[in-house]
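**Student:** The file below is data04.pdb, PDB, C-alpha atoms:
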ATOM      1  CA  MET A   9       0.292  26.898 -99.435  1.00  0.00           C
ATOM      2  CA  GLN A  10      -2.957  25.776-101.055  1.00  0.00           C
ATOM      3  CA  ALA A  11      -5.834  28.197-101.633  1.00  0.00           C
ATOM      4  CA  LYS A  12      -8.053  26.522 -99.007  1.00  0.00           C
ATOM      5  CA  ALA A  13      -5.280  26.708 -96.420  1.00  0.00           C
ATOM      6  CA  LYS A  14      -4.779  30.416 -97.156  1.00  0.00           C
ATOM      7  CA  VAL A  15      -8.494  31.062 -96.649  1.00  0.00           C
ATOM      8  CA  LYS A  16      -8.471  29.132 -93.373  1.00  0.00           C
ATOM      9  CA  LEU A  17      -5.381  31.004 -92.148  1.00  0.00           C
ATOM     10  CA  SER A  18      -6.956  34.304 -93.195  1.00  0.00           C
ATOM     11  CA  ARG A  19     -10.104  33.544 -91.213  1.00  0.00           C
ATOM     12  CA  SER A  20      -8.215  32.458 -88.108  1.00  0.00           C
ATOM     13  CA  LEU A  21      -6.101  35.645 -88.135  1.00  0.00           C
ATOM     14  CA  GLY A  22      -8.953  37.932 -89.127  1.00  0.00           C
ATOM     15  CA  ILE A  23      -7.143  39.364 -92.162  1.00  0.00           C
ATOM     16  CA  ALA A  24      -7.547  38.566 -95.872  1.00  0.00           C
ATOM     17  CA  LEU A  25      -4.239  37.272 -97.243  1.00  0.00           C
ATOM     18  CA  THR A  26      -5.521  36.803-100.813  1.00  0.00           C
ATOM     19  CA  PRO A  27      -8.365  38.271-102.932  1.00  0.00           C
ATOM     20  CA  LYS A  28     -10.141  34.888-102.734  1.00  0.00           C
ATOM     21  CA  ALA A  29      -9.902  34.953 -98.936  1.00  0.00           C
ATOM     22  CA  ALA A  30     -11.319  38.479 -98.899  1.00  0.00           C
ATOM     23  CA  LYS A  31     -14.419  37.347-100.796  1.00  0.00           C
ATOM     24  CA  TYR A  32     -14.858  34.309 -98.538  1.00  0.00           C
ATOM     25  CA  MET A  33     -14.514  36.393 -95.389  1.00  0.00           C
ATOM     26  CA  GLU A  34     -17.201  38.791 -96.529  1.00  0.00           C
ATOM     27  CA  ARG A  35     -19.600  35.840 -96.436  1.00  0.00           C
ATOM     28  CA  ARG A  36     -18.237  34.244 -93.254  1.00  0.00           C
ATOM     29  CA  PRO A  37     -16.651  36.928 -91.041  1.00  0.00           C
ATOM     30  CA  TYR A  38     -15.723  34.598 -88.183  1.00  0.00           C
ATOM     31  CA  PRO A  39     -12.884  32.144 -87.440  1.00  0.00           C
ATOM     32  CA  PRO A  40     -12.949  28.586 -88.836  1.00  0.00           C
ATOM     33  CA  GLY A  41     -14.094  25.568 -86.832  1.00  0.00           C
ATOM     34  CA  GLN A  42     -17.237  24.694 -84.910  1.00  0.00           C
ATOM     35  CA  HIS A  43     -16.381  27.176 -82.153  1.00  0.00           C
ATOM     36  CA  GLY A  44     -15.512  29.959 -84.548  1.00  0.00           C
ATOM     37  CA  ARG A  45     -18.574  32.051 -83.723  1.00  0.00           C
ATOM     38  CA  GLY A  46     -18.315  31.619 -79.948  1.00  0.00           C
ATOM     39  CA  ARG A  47     -16.766  34.110 -77.578  1.00  0.00           C
ATOM     40  CA  LYS A  48     -13.240  33.283 -76.484  1.00  0.00           C
ATOM     41  CA  LYS A  49     -11.290  34.338 -73.433  1.00  0.00           C
ATOM     42  CA  GLU A  50      -8.279  36.279 -74.610  1.00  0.00           C
ATOM     43  CA  SER A  51      -5.046  36.260 -72.585  1.00  0.00           C
ATOM     44  CA  ASP A  52      -2.247  38.814 -73.086  1.00  0.00           C
ATOM     45  CA  TYR A  53      -0.027  36.041 -74.424  1.00  0.00           C
ATOM     46  CA  LYS A  54      -2.693  34.907 -76.895  1.00  0.00           C
ATOM     47  CA  ASN A  55      -3.151  38.460 -78.186  1.00  0.00           C
ATOM     48  CA  GLN A  56       0.601  38.888 -78.599  1.00  0.00           C
ATOM     49  CA  LEU A  57       0.901  35.534 -80.374  1.00  0.00           C
ATOM     50  CA  VAL A  58      -1.934  36.345 -82.789  1.00  0.00           C
ATOM     51  CA  GLU A  59      -0.381  39.714 -83.716  1.00  0.00           C
ATOM     52  CA  LYS A  60       2.958  37.998 -84.373  1.00  0.00           C
ATOM     53  CA  GLN A  61       1.273  35.399 -86.577  1.00  0.00           C
ATOM     54  CA  ARG A  62      -0.623  38.150 -88.404  1.00  0.00           C
ATOM     55  CA  LEU A  63       2.580  39.969 -89.246  1.00  0.00           C
ATOM     56  CA  ARG A  64       4.308  36.743 -90.309  1.00  0.00           C
ATOM     57  CA  ALA A  65       1.405  35.787 -92.560  1.00  0.00           C
ATOM     58  CA  GLN A  66       1.184  39.176 -94.264  1.00  0.00           C
ATOM     59  CA  TYR A  67       4.839  38.957 -95.279  1.00  0.00           C
ATOM     60  CA  ASN A  68       4.775  35.153 -95.768  1.00  0.00           C
ATOM     61  CA  ILE A  69       7.931  34.704 -93.696  1.00  0.00           C
ATOM     62  CA  SER A  70       9.142  32.036 -91.274  1.00  0.00           C
ATOM     63  CA  GLU A  71       9.397  32.402 -87.508  1.00  0.00           C
ATOM     64  CA  ARG A  72      13.175  32.495 -87.831  1.00  0.00           C
ATOM     65  CA  GLN A  73      13.052  35.310 -90.397  1.00  0.00           C
ATOM     66  CA  LEU A  74      10.748  37.370 -88.190  1.00  0.00           C
ATOM     67  CA  ARG A  75      12.886  36.746 -85.101  1.00  0.00           C
ATOM     68  CA  ASN A  76      16.021  37.810 -86.996  1.00  0.00           C
ATOM     69  CA  ALA A  77      14.293  40.963 -88.231  1.00  0.00           C
ATOM     70  CA  TYR A  78      13.208  41.725 -84.661  1.00  0.00           C
ATOM     71  CA  ALA A  79      16.786  41.286 -83.388  1.00  0.00           C
ATOM     72  CA  GLU A  80      17.959  43.746 -86.044  1.00  0.00           C
ATOM     73  CA  ALA A  81      15.176  46.214 -85.200  1.00  0.00           C
ATOM     74  CA  VAL A  82      16.177  46.198 -81.513  1.00  0.00           C
ATOM     75  CA  ARG A  83      19.675  47.385 -82.463  1.00  0.00           C
ATOM     76  CA  LYS A  84      18.403  50.324 -84.526  1.00  0.00           C
ATOM     77  CA  PRO A  85      17.272  53.726 -83.230  1.00  0.00           C
ATOM     78  CA  GLY A  86      13.530  54.415 -83.015  1.00  0.00           C
ATOM     79  CA  LYS A  87      10.539  52.454 -81.756  1.00  0.00           C
ATOM     80  CA  THR A  88      11.401  48.769 -82.190  1.00  0.00           C
ATOM     81  CA  GLY A  89       7.957  47.741 -83.490  1.00  0.00           C
ATOM     82  CA  GLU A  90       7.848  50.478 -86.113  1.00  0.00           C
ATOM     83  CA  VAL A  91      11.435  49.780 -87.170  1.00  0.00           C
ATOM     84  CA  LEU A  92      10.577  46.063 -87.483  1.00  0.00           C
ATOM     85  CA  VAL A  93       7.669  46.685 -89.869  1.00  0.00           C
ATOM     86  CA  GLY A  94       9.815  49.120 -91.875  1.00  0.00           C
ATOM     87  CA  LEU A  95      12.525  46.464 -92.278  1.00  0.00           C
ATOM     88  CA  LEU A  96       9.997  43.884 -93.494  1.00  0.00           C
ATOM     89  CA  GLU A  97       8.476  46.391 -95.899  1.00  0.00           C
ATOM     90  CA  SER A  98      11.932  46.923 -97.421  1.00  0.00           C
ATOM     91  CA  ARG A  99      12.046  43.292 -98.594  1.00  0.00           C
ATOM     92  CA  LEU A 100      12.063  42.823-102.355  1.00  0.00           C
ATOM     93  CA  ASP A 101       8.994  40.551-102.385  1.00  0.00           C
ATOM     94  CA  ALA A 102       6.971  43.066-100.329  1.00  0.00           C
ATOM     95  CA  PHE A 103       8.017  45.820-102.736  1.00  0.00           C
ATOM     96  CA  VAL A 104       6.982  43.740-105.773  1.00  0.00           C
ATOM     97  CA  LEU A 105       3.514  43.358-104.232  1.00  0.00           C
ATOM     98  CA  ARG A 106       3.091  47.024-103.261  1.00  0.00           C
ATOM     99  CA  ALA A 107       4.352  48.276-106.638  1.00  0.00           C
ATOM    100  CA  GLY A 108       1.585  46.350-108.409  1.00  0.00           C
ATOM    101  CA  PHE A 109       3.785  43.711-110.045  1.00  0.00           C
ATOM    102  CA  ALA A 110       2.064  40.797-108.269  1.00  0.00           C
ATOM    103  CA  ARG A 111      -1.425  39.927-107.009  1.00  0.00           C
ATOM    104  CA  THR A 112      -0.461  38.453-103.626  1.00  0.00           C
ATOM    105  CA  ILE A 113       2.624  38.192-101.415  1.00  0.00           C
ATOM    106  CA  TYR A 114       2.808  34.493-102.371  1.00  0.00           C
ATOM    107  CA  GLN A 115       2.959  35.346-106.057  1.00  0.00           C
ATOM    108  CA  ALA A 116       5.483  38.111-105.395  1.00  0.00           C
ATOM    109  CA  ARG A 117       7.779  35.642-103.616  1.00  0.00           C
ATOM    110  CA  GLN A 118       7.473  33.188-106.507  1.00  0.00           C
ATOM    111  CA  PHE A 119       8.215  35.866-109.134  1.00  0.00           C
ATOM    112  CA  VAL A 120      11.346  36.995-107.282  1.00  0.00           C
ATOM    113  CA  ASN A 121      12.576  33.444-106.675  1.00  0.00           C
ATOM    114  CA  HIS A 122      12.168  32.653-110.377  1.00  0.00           C
ATOM    115  CA  GLY A 123      14.501  35.503-111.294  1.00  0.00           C
ATOM    116  CA  HIS A 124      12.062  37.868-112.995  1.00  0.00           C
ATOM    117  CA  PHE A 125      13.504  41.071-111.467  1.00  0.00           C
ATOM    118  CA  THR A 126      16.573  43.239-111.486  1.00  0.00           C
ATOM    119  CA  VAL A 127      17.602  45.739-108.813  1.00  0.00           C
ATOM    120  CA  ASN A 128      19.586  48.642-110.271  1.00  0.00           C
ATOM    121  CA  GLY A 129      20.147  46.532-113.403  1.00  0.00           C
ATOM    122  CA  ARG A 130      21.395  43.398-111.640  1.00  0.00           C
ATOM    123  CA  LYS A 131      19.331  40.209-111.381  1.00  0.00           C
ATOM    124  CA  VAL A 132      18.184  39.480-107.834  1.00  0.00           C
ATOM    125  CA  ASP A 133      16.298  36.260-107.009  1.00  0.00           C
ATOM    126  CA  ILE A 134      16.279  36.499-103.198  1.00  0.00           C
ATOM    127  CA  ALA A 135      12.873  37.451-101.790  1.00  0.00           C
ATOM    128  CA  SER A 136      14.355  38.755 -98.532  1.00  0.00           C
ATOM    129  CA  TYR A 137      16.764  41.100-100.362  1.00  0.00           C
ATOM    130  CA  ARG A 138      16.658  44.440 -98.520  1.00  0.00           C
ATOM    131  CA  LEU A 139      16.086  47.466-100.713  1.00  0.00           C
ATOM    132  CA  LYS A 140      17.761  50.797-100.012  1.00  0.00           C
ATOM    133  CA  ALA A 141      16.392  54.275-100.691  1.00  0.00           C
ATOM    134  CA  GLY A 142      16.712  55.091-104.386  1.00  0.00           C
ATOM    135  CA  ASP A 143      16.870  51.476-105.620  1.00  0.00           C
ATOM    136  CA  PHE A 144      15.195  50.744-108.959  1.00  0.00           C
ATOM    137  CA  VAL A 145      13.366  47.442-109.421  1.00  0.00           C
ATOM    138  CA  GLN A 146      12.468  46.328-112.944  1.00  0.00           C
ATOM    139  CA  VAL A 147      10.970  43.263-114.586  1.00  0.00           C
ATOM    140  CA  ARG A 148      13.647  41.581-116.696  1.00  0.00           C
ATOM    141  CA  LYS A 149      13.385  42.026-120.436  1.00  0.00           C
ATOM    142  CA  LYS A 150      12.666  38.368-121.242  1.00  0.00           C
ATOM    143  CA  SER A 151       9.904  38.234-118.602  1.00  0.00           C
ATOM    144  CA  ARG A 152       7.966  41.298-119.758  1.00  0.00           C
ATOM    145  CA  GLU A 153       6.027  39.533-122.505  1.00  0.00           C
ATOM    146  CA  THR A 154       4.647  36.835-120.196  1.00  0.00           C
ATOM    147  CA  THR A 155       0.969  36.991-119.244  1.00  0.00           C
ATOM    148  CA  PRO A 156       1.425  37.837-115.536  1.00  0.00           C
ATOM    149  CA  PHE A 157       3.551  40.876-116.315  1.00  0.00           C
ATOM    150  CA  GLN A 158       1.365  41.967-119.213  1.00  0.00           C
ATOM    151  CA  LEU A 159      -1.481  42.016-116.680  1.00  0.00           C
ATOM    152  CA  ALA A 160       0.690  43.926-114.221  1.00  0.00           C
ATOM    153  CA  ALA A 161       1.580  46.506-116.896  1.00  0.00           C
ATOM    154  CA  ALA A 162      -2.135  46.998-117.532  1.00  0.00           C
ATOM    155  CA  GLY A 163      -2.668  47.747-113.845  1.00  0.00           C
ATOM    156  CA  ALA A 164      -4.533  44.511-113.039  1.00  0.00           C
ATOM    157  CA  TRP A 165      -2.922  44.126-109.605  1.00  0.00           C
ATOM    158  CA  ALA A 166      -2.280  47.717-108.620  1.00  0.00           C
ATOM    159  CA  GLY A 167      -4.014  48.988-105.509  1.00  0.00           C
ATOM    160  CA  GLU A 168      -6.230  52.059-105.561  1.00  0.00           C
ATOM    161  CA  THR A 169      -3.220  54.100-104.488  1.00  0.00           C
ATOM    162  CA  THR A 170       0.476  53.288-104.594  1.00  0.00           C
ATOM    163  CA  PRO A 171       2.171  53.794-101.214  1.00  0.00           C
ATOM    164  CA  ALA A 172       3.989  57.137-100.944  1.00  0.00           C
ATOM    165  CA  TYR A 173       7.390  55.432-100.576  1.00  0.00           C
ATOM    166  CA  ILE A 174       7.125  53.808-104.014  1.00  0.00           C
ATOM    167  CA  GLU A 175       7.293  55.460-107.425  1.00  0.00           C
ATOM    168  CA  SER A 176       5.768  52.926-109.805  1.00  0.00           C
ATOM    169  CA  HIS A 177       5.621  53.057-113.616  1.00  0.00           C
ATOM    170  CA  LEU A 178       3.562  49.993-114.457  1.00  0.00           C
ATOM    171  CA  GLU A 179       3.602  50.485-118.236  1.00  0.00           C
ATOM    172  CA  GLY A 180       7.394  50.223-118.186  1.00  0.00           C
ATOM    173  CA  LEU A 181       7.338  47.568-115.420  1.00  0.00           C
ATOM    174  CA  ILE A 182       9.774  49.591-113.340  1.00  0.00           C
ATOM    175  CA  ALA A 183       9.463  51.060-109.859  1.00  0.00           C
ATOM    176  CA  ARG A 184      11.654  52.936-107.400  1.00  0.00           C
ATOM    177  CA  PHE A 185      11.955  52.491-103.646  1.00  0.00           C
ATOM    178  CA  LEU A 186      12.015  56.092-102.469  1.00  0.00           C
ATOM    179  CA  SER A 187      12.698  55.520 -98.778  1.00  0.00           C
ATOM    180  CA  VAL A 188      12.160  53.166 -95.856  1.00  0.00           C
ATOM    181  CA  PRO A 189       8.553  54.000 -94.968  1.00  0.00           C
ATOM    182  CA  GLU A 190       7.117  55.238 -91.708  1.00  0.00           C
ATOM    183  CA  ARG A 191       4.749  52.833 -89.952  1.00  0.00           C
ATOM    184  CA  LYS A 192       1.654  54.926 -90.757  1.00  0.00           C
ATOM    185  CA  GLN A 193       2.394  54.605 -94.474  1.00  0.00           C
ATOM    186  CA  ILE A 194       2.560  50.797 -94.472  1.00  0.00           C
ATOM    187  CA  PRO A 195      -0.684  48.943 -95.338  1.00  0.00           C
ATOM    188  CA  VAL A 196      -0.170  46.124 -92.841  1.00  0.00           C
ATOM    189  CA  ILE A 197      -2.708  45.161 -90.183  1.00  0.00           C
ATOM    190  CA  CYS A 198      -1.060  44.473 -86.839  1.00  0.00           C
ATOM    191  CA  ASP A 199      -0.335  45.983 -83.449  1.00  0.00           C
ATOM    192  CA  GLU A 200       3.447  45.907 -83.571  1.00  0.00           C
ATOM    193  CA  GLN A 201       3.775  46.852 -79.895  1.00  0.00           C
ATOM    194  CA  LEU A 202       2.234  43.487 -78.926  1.00  0.00           C
ATOM    195  CA  ILE A 203       4.853  41.763 -81.077  1.00  0.00           C
ATOM    196  CA  VAL A 204       7.612  43.627 -79.245  1.00  0.00           C
ATOM    197  CA  GLU A 205       6.089  42.489 -75.938  1.00  0.00           C
ATOM    198  CA  TYR A 206       5.976  38.893 -77.213  1.00  0.00           C
ATOM    199  CA  TYR A 207       9.681  38.831 -78.160  1.00  0.00           C
ATOM    200  CA  SER A 208      10.983  40.867 -75.231  1.00  0.00           C
ATOM    201  CA  LYS A 209       9.937  38.321 -72.591  1.00  0.00           C
TER     202      LYS A 209
END
What would the structure in this file look like if it were written as structure tokens?

**Tutor:**
Amino acid sequence: MQAKAKVKLSRSLGIALTPKAAKYMERRPYPPGQHGRGRKKESDYKNQLVEKQRLRAQYNISERQLRNAYAEAVRKPGKTGEVLVGLLESRLDAFVLRAGFARTIYQARQFVNHGHFTVNGRKVDIASYRLKAGDFVQVRKKSRETTPFQLAAAGAWAGETTPAYIESHLEGLIARFLSVPERKQIPVICDEQLIVEYYSK
């Protein structure tokens, strides 16, 4: 997805998907298009749809991937919406972003797909790979000297705080997935209950 498209999507969903989008939205905090500043009538369906699209965009996943994750969440104990977000947060590309190894979810997906990471010492190049509690994720030896990972090691992409479910050692370009997080720990903007309502119709 091109940078302009990401900014437009960010504005329409009301969430910044990239640092560039965040800067743009500070200047223009309203949806794109000539009617962006007008008041809209919101239906229940529209609200549910927007929340679903917000969640999809934040994890950069397809409708099919989200629907499959929802079907899995329904089968597990606990509140379906919270379980759903926990499953998505256990993806390898989401972990790479949260651990500070990538600047955006798009970059994280690209890094994983290009084979830059190992999980417990084995190369994994599948972005949707589901991490388990205790898994170690490390940048592969031959990738560590490249500019993106040198920046990551210097803390260029780390957030102000690392989520409590991740133990990250940026200098060594290694991090550990401590546990599947609780919903309140996950830095994702969405009302997951509306997503459950959308899929349960």

**Student:** Do a neighbour search on segment 193-200 of chain A at 7 Å with only C-alpha atoms, toss out local chain neighbours closer than 3 positions, and write the hits as a ChimeraX atom specification.

**Tutor:** /A:59,62-63,89-90,171,189-190,203-204

**Student:** Report, in Å to a single decimal, how far apart atom CA of Ala77 of chain A and atom CA of Ala107 of chain A are.

**Tutor:**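 Calculated distance between atom CA of Ala107 of chain A and atom CA of Ala77 of chain A is 22.2 Å.
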
**Student:** Kindly compute an axis-aligned box around the listed atoms of segment 18-22 of chain A, allowing 8 Å on each side, and express its centre and edge lengths in Å to one decimal as AutoDock Vina command-line options.

**Tutor:**
--center_x -8.1 --center_y 35.2 --center_z -90.7 --size_x 20.0 --size_y 21.5 --size_z 21.1

**Student:** Can you work out which one of A:Asp143, A:Ala135, A:Asn121, A:Ala116 has the shortest atom-to-atom distance to Phe157 of chain A, counting all atoms listed in the file?

**Tutor:** A:Ala116

**Student:** Could you tell me how far atom CA of Thr155 of chain A sits from atom CA of Phe125 of chain A, in Å to one decimal place?

**Tutor:**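 So the two atoms, atom CA of Phe125 of chain A and atom CA of Thr155 of chain A, lie 15.3 Å apart.
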
**Student:** The PyMOL selection byres ((chain A and resi 158-166) around 9) on the file shown: which residues, as a ChimeraX atom specification?

**Tutor:** /A:105-112,152-157,167-170,177-181

**Student:** Name the residues in contact with His122 of chain A at a cut-off of 10 Å, using all atoms listed in the file, excluding same-chain residues fewer than 4 positions from it; report them as a list in words.

**Tutor:** Ala116, Arg117, Gln118, Val132, Asp133, Ile134 and Ala135 of chain A

**Student:** Quick one: which residues end up in the PyMOL selection byres ((chain A and resi 136) around 8) for this structure, as an MDAnalysis selection string?

**Tutor:** chainID A and resid 99:101 134:135 137:138

**Student:** Any idea what the distance is between atom CA of Ile23 of chain A and atom CA of Leu74 of chain A?

**Tutor:**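 Here the two named atoms are 18.4 Å from each other.
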
**Student:** Can you turn the PyMOL selection byres ((chain A and resi 142) around 8) into a concrete residue list for this file, as a ChimeraX atom specification?

**Tutor:** /A:140-141,143-144,184-187

**Student:** Find the residue from A:Tyr114, A:Gly86, A:Lys149, A:Tyr53 that sits nearest to Lys131 of chain A; use only C-alpha atoms when measuring.

**Tutor:**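 Answer, going by the shortest atom-to-atom distance: A:Lys149.
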
**Student:** With 9 Å as the threshold, what does the neighbourhood of (5.6, 35.9, -95.1) contain in terms of residues, counting all atoms listed in the file? Coordinates are those of the file; answer as a PyMOL selection string.

**Tutor:** chain A and resi 63-70+73-74+102+113-114+117

**Student:** Find the residue from A:Val145, A:Leu139, A:Ile174, A:Val93 that sits nearest to Lys192 of chain A; use all atoms listed in the file when measuring.

**Tutor:**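 Of A:Val145, A:Leu139, A:Ile174, A:Val93, the one nearest Lys192 of chain A, counting all atoms listed in the file, is A:Val93.
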